[in-house]
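Undergrad: Here it is, the structure in full.
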Amino acid sequence: MKKLTAILLGLCLLSGAPVRAAGDLADFGGDTVLEERYQTLVTELRCLVCQNQTIADSNADLAKDLRREVHDMLVGGKTDDEIKEFMLARYGDFVLYRPPVKTTTVPLWIGPFVLLAIGLVVVAVMVHRRSRQAQPQMNSEDVERARRLLDEADREQQS
Amino acid sequence: MLRYLIPLGIFLVLVVFLGVGLQLDPREVPSPLIDKPAPAFEVARLHEPGKRIGTDQLRGQVWLLNVWASWCVACRSEHPHLVALARQGLVPIYGLNYKDERADALRWLQQFGDPYTVSAHDLDGRVGLDYGVYGVPETFLIDREGVIRHKHIGPLDPDIINNTIMPMVQQLQQG
């Protein structure tokens, strides 16, 4: 139990570390609201060159360009949705780390839950089978025979 | 019997999925720009910086837009095929020189040959951004109405040119 707590604590520490984008172009002249929106956006957009990084994490040229673009659009007064729309129009759903729910992305969203459900069903069936096997089936004849044997043993001990 | 067949079945399904997965190229992200109007641009020409080149001038013909750069290693492997394609004169190839210094780009063309009718100079990569370029080289096939019909990511080779690009070009030119 202690071990488990320690592991969980460790995980919390790891995931809790805020990711800060390379600050090269993210100058909003002290506007913390824009700064905050910028940080959120760049950690939600995928860099298409190094596909498992956000544009905040990546040092690829394209990621720098996209960060610059996000910065310019924010300063230009665009909303978050407009900026995402801009990226979607050019790079498709793949650019978003959280793709929108639609017919083509449904397996992506519900797939893990379906797999979890299948796993739970399999476990339940297995547990059920095991518990049935644990109790040996005895009919009345067997019970009768066991009682006779026990009685005989008792008598032998007494005599 | 069933208890052996079920794991075997699951295993086979997995094999099929993994097998298909191996055939796919994760770098090829389907472009949302297919069958959409090609983003308009107007930038300086590579050879004549004083003159401009833009989508408006290219309307009315089927053309290829090839995104390239002198710093792009893969462009080198596709370049001879582009030169050969240009020599056939079947379809005009326009170059989009992406985030490149003019001098480097011109030297590169001098060295390896120039297949481009005109090269546009996209120094800051804004045009490339509008076209969703993320891996140079990329090639777009654009029809008479200025609609993007096909996009190829990565270097072209004779197989792709002859079996994918050219049949589409001919179909669009006839239509």
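Simple scheme: letters A, B, ... for chains in structure tokens order, numbers from 1 for residues in each chain, numbers from 1 for ligands in the order shown.
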I need the contact residues of chain B against chain A, so if you could list those with any atom within 12 Å, counting only C-alpha atoms, and return them as a list of chain:residue names, that would help.

TA: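 Filtering chain B at 12 Å from chain A with only C-alpha atoms gives B:Pro26, B:Arg27, B:Glu28, B:Val29, B:Pro30, B:Ser31, B:Pro32, B:Leu33, B:Ile34, B:Lys36, B:Pro37, B:Ala38, B:Pro39, B:Tyr98, B:Lys99, B:Asp124, B:Gly125, B:Arg126, B:Val127, B:Gly128, B:Leu129, B:Asp130, B:Tyr131, B:Gly132, B:Val133, B:Tyr134, B:Gly135, B:Val136.
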
Undergrad: Can those selected residues be exported to a file as an mmCIF file, in the first residue's frame so that it contains N, CA and C atoms?

TA:
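Final output, result32.cif:
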data_model
loop_
_atom_site.group_PDB
_atom_site.id
_atom_site.type_symbol
_atom_site.label_atom_id
_atom_site.label_comp_id
_atom_site.auth_asym_id
_atom_site.auth_seq_id
_atom_site.Cartn_x
_atom_site.Cartn_y
_atom_site.Cartn_z
ATOM 1 N N PRO B 26 3.293 6.899 -41.522
ATOM 2 C CA PRO B 26 2.746 7.838 -40.537
ATOM 3 C C PRO B 26 3.023 9.295 -40.893
ATOM 4 N N ARG B 27 3.980 9.524 -41.792
ATOM 5 C CA ARG B 27 4.286 10.908 -42.157
ATOM 6 C C ARG B 27 3.273 11.459 -43.145
ATOM 7 N N GLU B 28 2.516 10.558 -43.760
ATOM 8 C CA GLU B 28 1.549 11.042 -44.732
ATOM 9 C C GLU B 28 0.222 11.349 -44.062
ATOM 10 N N VAL B 29 0.055 12.591 -43.705
ATOM 11 C CA VAL B 29 -1.179 13.024 -43.083
ATOM 12 C C VAL B 29 -2.116 13.493 -44.190
ATOM 13 N N PRO B 30 -3.331 12.934 -44.240
ATOM 14 C CA PRO B 30 -4.248 13.351 -45.304
ATOM 15 C C PRO B 30 -4.484 14.852 -45.243
ATOM 16 N N SER B 31 -4.370 15.514 -46.384
ATOM 17 C CA SER B 31 -4.508 16.970 -46.395
ATOM 18 C C SER B 31 -5.967 17.362 -46.508
ATOM 19 N N PRO B 32 -6.392 18.317 -45.703
ATOM 20 C CA PRO B 32 -7.768 18.806 -45.815
ATOM 21 C C PRO B 32 -7.951 19.702 -47.044
ATOM 22 N N LEU B 33 -6.852 19.979 -47.747
ATOM 23 C CA LEU B 33 -6.920 20.921 -48.870
ATOM 24 C C LEU B 33 -7.361 20.272 -50.174
ATOM 25 N N ILE B 34 -7.372 18.922 -50.205
ATOM 26 C CA ILE B 34 -7.767 18.249 -51.439
ATOM 27 C C ILE B 34 -9.199 18.641 -51.804
ATOM 28 N N LYS B 36 -10.213 21.477 -52.493
ATOM 29 C CA LYS B 36 -10.515 22.849 -52.071
ATOM 30 C C LYS B 36 -9.730 23.795 -52.987
ATOM 31 N N PRO B 37 -10.181 25.040 -53.087
ATOM 32 C CA PRO B 37 -9.438 26.009 -53.899
ATOM 33 C C PRO B 37 -8.018 26.173 -53.353
ATOM 34 N N ALA B 38 -7.056 26.217 -54.261
ATOM 35 C CA ALA B 38 -5.674 26.414 -53.830
ATOM 36 C C ALA B 38 -5.552 27.790 -53.184
ATOM 37 N N PRO B 39 -4.947 27.855 -51.996
ATOM 38 C CA PRO B 39 -4.801 29.157 -51.334
ATOM 39 C C PRO B 39 -4.104 30.160 -52.261
ATOM 40 N N TYR B 98 10.907 27.248 -50.884
ATOM 41 C CA TYR B 98 10.372 27.389 -49.531
ATOM 42 C C TYR B 98 11.475 27.708 -48.530
ATOM 43 N N LYS B 99 11.386 28.865 -47.896
ATOM 44 C CA LYS B 99 12.314 29.262 -46.836
ATOM 45 C C LYS B 99 13.771 29.048 -47.234
ATOM 46 N N ASP B 124 9.749 33.602 -46.246
ATOM 47 C CA ASP B 124 9.390 33.406 -44.834
ATOM 48 C C ASP B 124 8.453 32.220 -44.611
ATOM 49 N N GLY B 125 8.139 31.501 -45.682
ATOM 50 C CA GLY B 125 7.345 30.285 -45.518
ATOM 51 C C GLY B 125 5.861 30.525 -45.314
ATOM 52 N N ARG B 126 5.383 31.750 -45.579
ATOM 53 C CA ARG B 126 3.947 32.034 -45.378
ATOM 54 C C ARG B 126 3.082 31.273 -46.377
ATOM 55 N N VAL B 127 3.537 31.222 -47.624
ATOM 56 C CA VAL B 127 2.767 30.510 -48.644
ATOM 57 C C VAL B 127 2.732 29.023 -48.292
ATOM 58 N N GLY B 128 3.891 28.493 -47.918
ATOM 59 C CA GLY B 128 3.973 27.089 -47.510
ATOM 60 C C GLY B 128 3.011 26.787 -46.375
ATOM 61 N N LEU B 129 2.914 27.727 -45.444
ATOM 62 C CA LEU B 129 2.016 27.549 -44.303
ATOM 63 C C LEU B 129 0.565 27.445 -44.775
ATOM 64 N N ASP B 130 0.196 28.316 -45.739
ATOM 65 C CA ASP B 130 -1.169 28.282 -46.255
ATOM 66 C C ASP B 130 -1.469 26.974 -46.972
ATOM 67 N N TYR B 131 -0.434 26.363 -47.533
ATOM 68 C CA TYR B 131 -0.618 25.093 -48.235
ATOM 69 C C TYR B 131 -0.424 23.900 -47.303
ATOM 70 N N GLY B 132 -0.250 24.160 -46.031
ATOM 71 C CA GLY B 132 -0.089 23.070 -45.068
ATOM 72 C C GLY B 132 1.172 22.260 -45.299
ATOM 73 N N VAL B 133 2.212 22.922 -45.782
ATOM 74 C CA VAL B 133 3.467 22.211 -46.053
ATOM 75 C C VAL B 133 4.157 21.888 -44.733
ATOM 76 N N TYR B 134 4.542 20.627 -44.550
ATOM 77 C CA TYR B 134 5.294 20.307 -43.341
ATOM 78 C C TYR B 134 6.493 19.419 -43.631
ATOM 79 N N GLY B 135 6.568 18.868 -44.847
ATOM 80 C CA GLY B 135 7.722 18.047 -45.161
ATOM 81 C C GLY B 135 8.101 18.294 -46.609
ATOM 82 N N VAL B 136 9.124 19.111 -46.835
ATOM 83 C CA VAL B 136 9.566 19.369 -48.200
ATOM 84 C C VAL B 136 10.285 18.108 -48.687
#

Undergrad: Could you name the residues that touch region 47-50 of chain B at 10 Å or less, counting only C-alpha atoms, but leaving out those on the same chain fewer than 6 positions away, as a list in words?

TA: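 Skipping anything fewer than 6 positions along the chain leaves Arg102, Ala103, Ala105, Leu106, Val118, Ser119, Ala120 and His121 of chain B.
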
Undergrad: Selected residues, N, CA and C atoms, written as a compact mmCIF listing (two decimals), in the first residue's frame, please.

TA:
# COMPACT_ATOMS: atom_id res chain seq x y z
N ARG B 102 17.84 33.30 -51.74
CA ARG B 102 17.76 33.37 -53.20
C ARG B 102 19.04 32.85 -53.85
N ALA B 103 20.20 33.28 -53.33
CA ALA B 103 21.47 32.90 -53.94
C ALA B 103 21.66 31.38 -53.90
N ALA B 105 19.32 29.10 -53.70
CA ALA B 105 18.34 28.46 -54.57
C ALA B 105 18.77 28.54 -56.03
N LEU B 106 19.25 29.72 -56.44
CA LEU B 106 19.66 29.89 -57.84
C LEU B 106 20.85 29.01 -58.18
N VAL B 118 8.21 28.79 -63.73
CA VAL B 118 8.57 29.93 -62.89
C VAL B 118 8.73 29.40 -61.47
N SER B 119 9.67 29.95 -60.72
CA SER B 119 9.77 29.61 -59.31
C SER B 119 9.33 30.79 -58.47
N ALA B 120 8.44 30.53 -57.53
CA ALA B 120 8.03 31.57 -56.59
C ALA B 120 8.96 31.52 -55.38
N HIS B 121 9.27 32.68 -54.84
CA HIS B 121 10.22 32.73 -53.73
C HIS B 121 9.47 32.99 -52.42

Undergrad: Among chain B, which ones does DSSP place in helix (DSSP H, G or I), written as a ChimeraX atom specification?

TA: /B:2-23,55-58,73-88,102-112,126-130,158-174

Undergrad: B:Val20, B:Leu96, B:Met1, B:Leu109: which is nearest Val83 (chain B), counting only C-alpha atoms?

TA: B:Leu109

Undergrad: Between CA of Phe11 (chain B) and CA of Phe113 (chain A), what is the distance, to one decimal in Å?

TA: 20.6 Å

Undergrad: What separation in Å, quoted to one decimal, exists between CA of Glu85 (chain A) and CA of Pro99 (chain A)?

TA: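 Taking CA of Glu85 (chain A) and CA of Pro99 (chain A), their separation equals 11.8 Å.
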
Undergrad: Using only C-alpha atoms, which residues sit within 12 Å of Thr40 (chain A) once same-chain residues fewer than 2 positions away are excluded, as a ChimeraX atom specification?

TA: /A:18-21,33-38,42-45,54-56,67,70-71,74,80,83-84,97

Undergrad: Can you measure CA of Gln39 (chain A) to CA of Ala60 (chain A) for me? One decimal in Å is fine.

TA: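 About the pair CA of Gln39 (chain A) and CA of Ala60 (chain A): they are 17.5 Å apart.
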
Undergrad: Near Ile160 (chain B), counting only C-alpha atoms, which residues have an atom at most 12 Å away, once you skip same-chain residues fewer than 3 positions from it, shown as an MDAnalysis selection string?

TA: chainID B and resid 78 81:82 85 139 150:157 163:168

Undergrad: When you look at Leu65 (chain B) with a cut-off of 9 Å (counting only C-alpha atoms), what residues show up, excluding the ones that are within fewer than 6 positions of it in the same chain? I need them as a ChimeraX atom specification.

TA: /B:92-96,138-142

Undergrad: Write out, as an mmCIF file, in the first residue's frame, the residues just selected, with C-alpha atoms.

TA:
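Heads up, here's the output in again-v5.cif:
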data_model
loop_
_atom_site.group_PDB
_atom_site.id
_atom_site.type_symbol
_atom_site.label_atom_id
_atom_site.label_comp_id
_atom_site.auth_asym_id
_atom_site.auth_seq_id
_atom_site.Cartn_x
_atom_site.Cartn_y
_atom_site.Cartn_z
ATOM 1 C CA PRO B 92 3.879 22.991 -66.467
ATOM 2 C CA ILE B 93 5.697 22.698 -63.157
ATOM 3 C CA TYR B 94 5.811 25.779 -60.974
ATOM 4 C CA GLY B 95 8.279 25.822 -58.118
ATOM 5 C CA LEU B 96 7.679 27.152 -54.653
ATOM 6 C CA GLU B 138 5.627 18.316 -51.535
ATOM 7 C CA THR B 139 3.808 18.450 -54.838
ATOM 8 C CA PHE B 140 0.300 19.729 -55.518
ATOM 9 C CA LEU B 141 -1.765 19.082 -58.628
ATOM 10 C CA ILE B 142 -4.050 22.027 -59.361
#
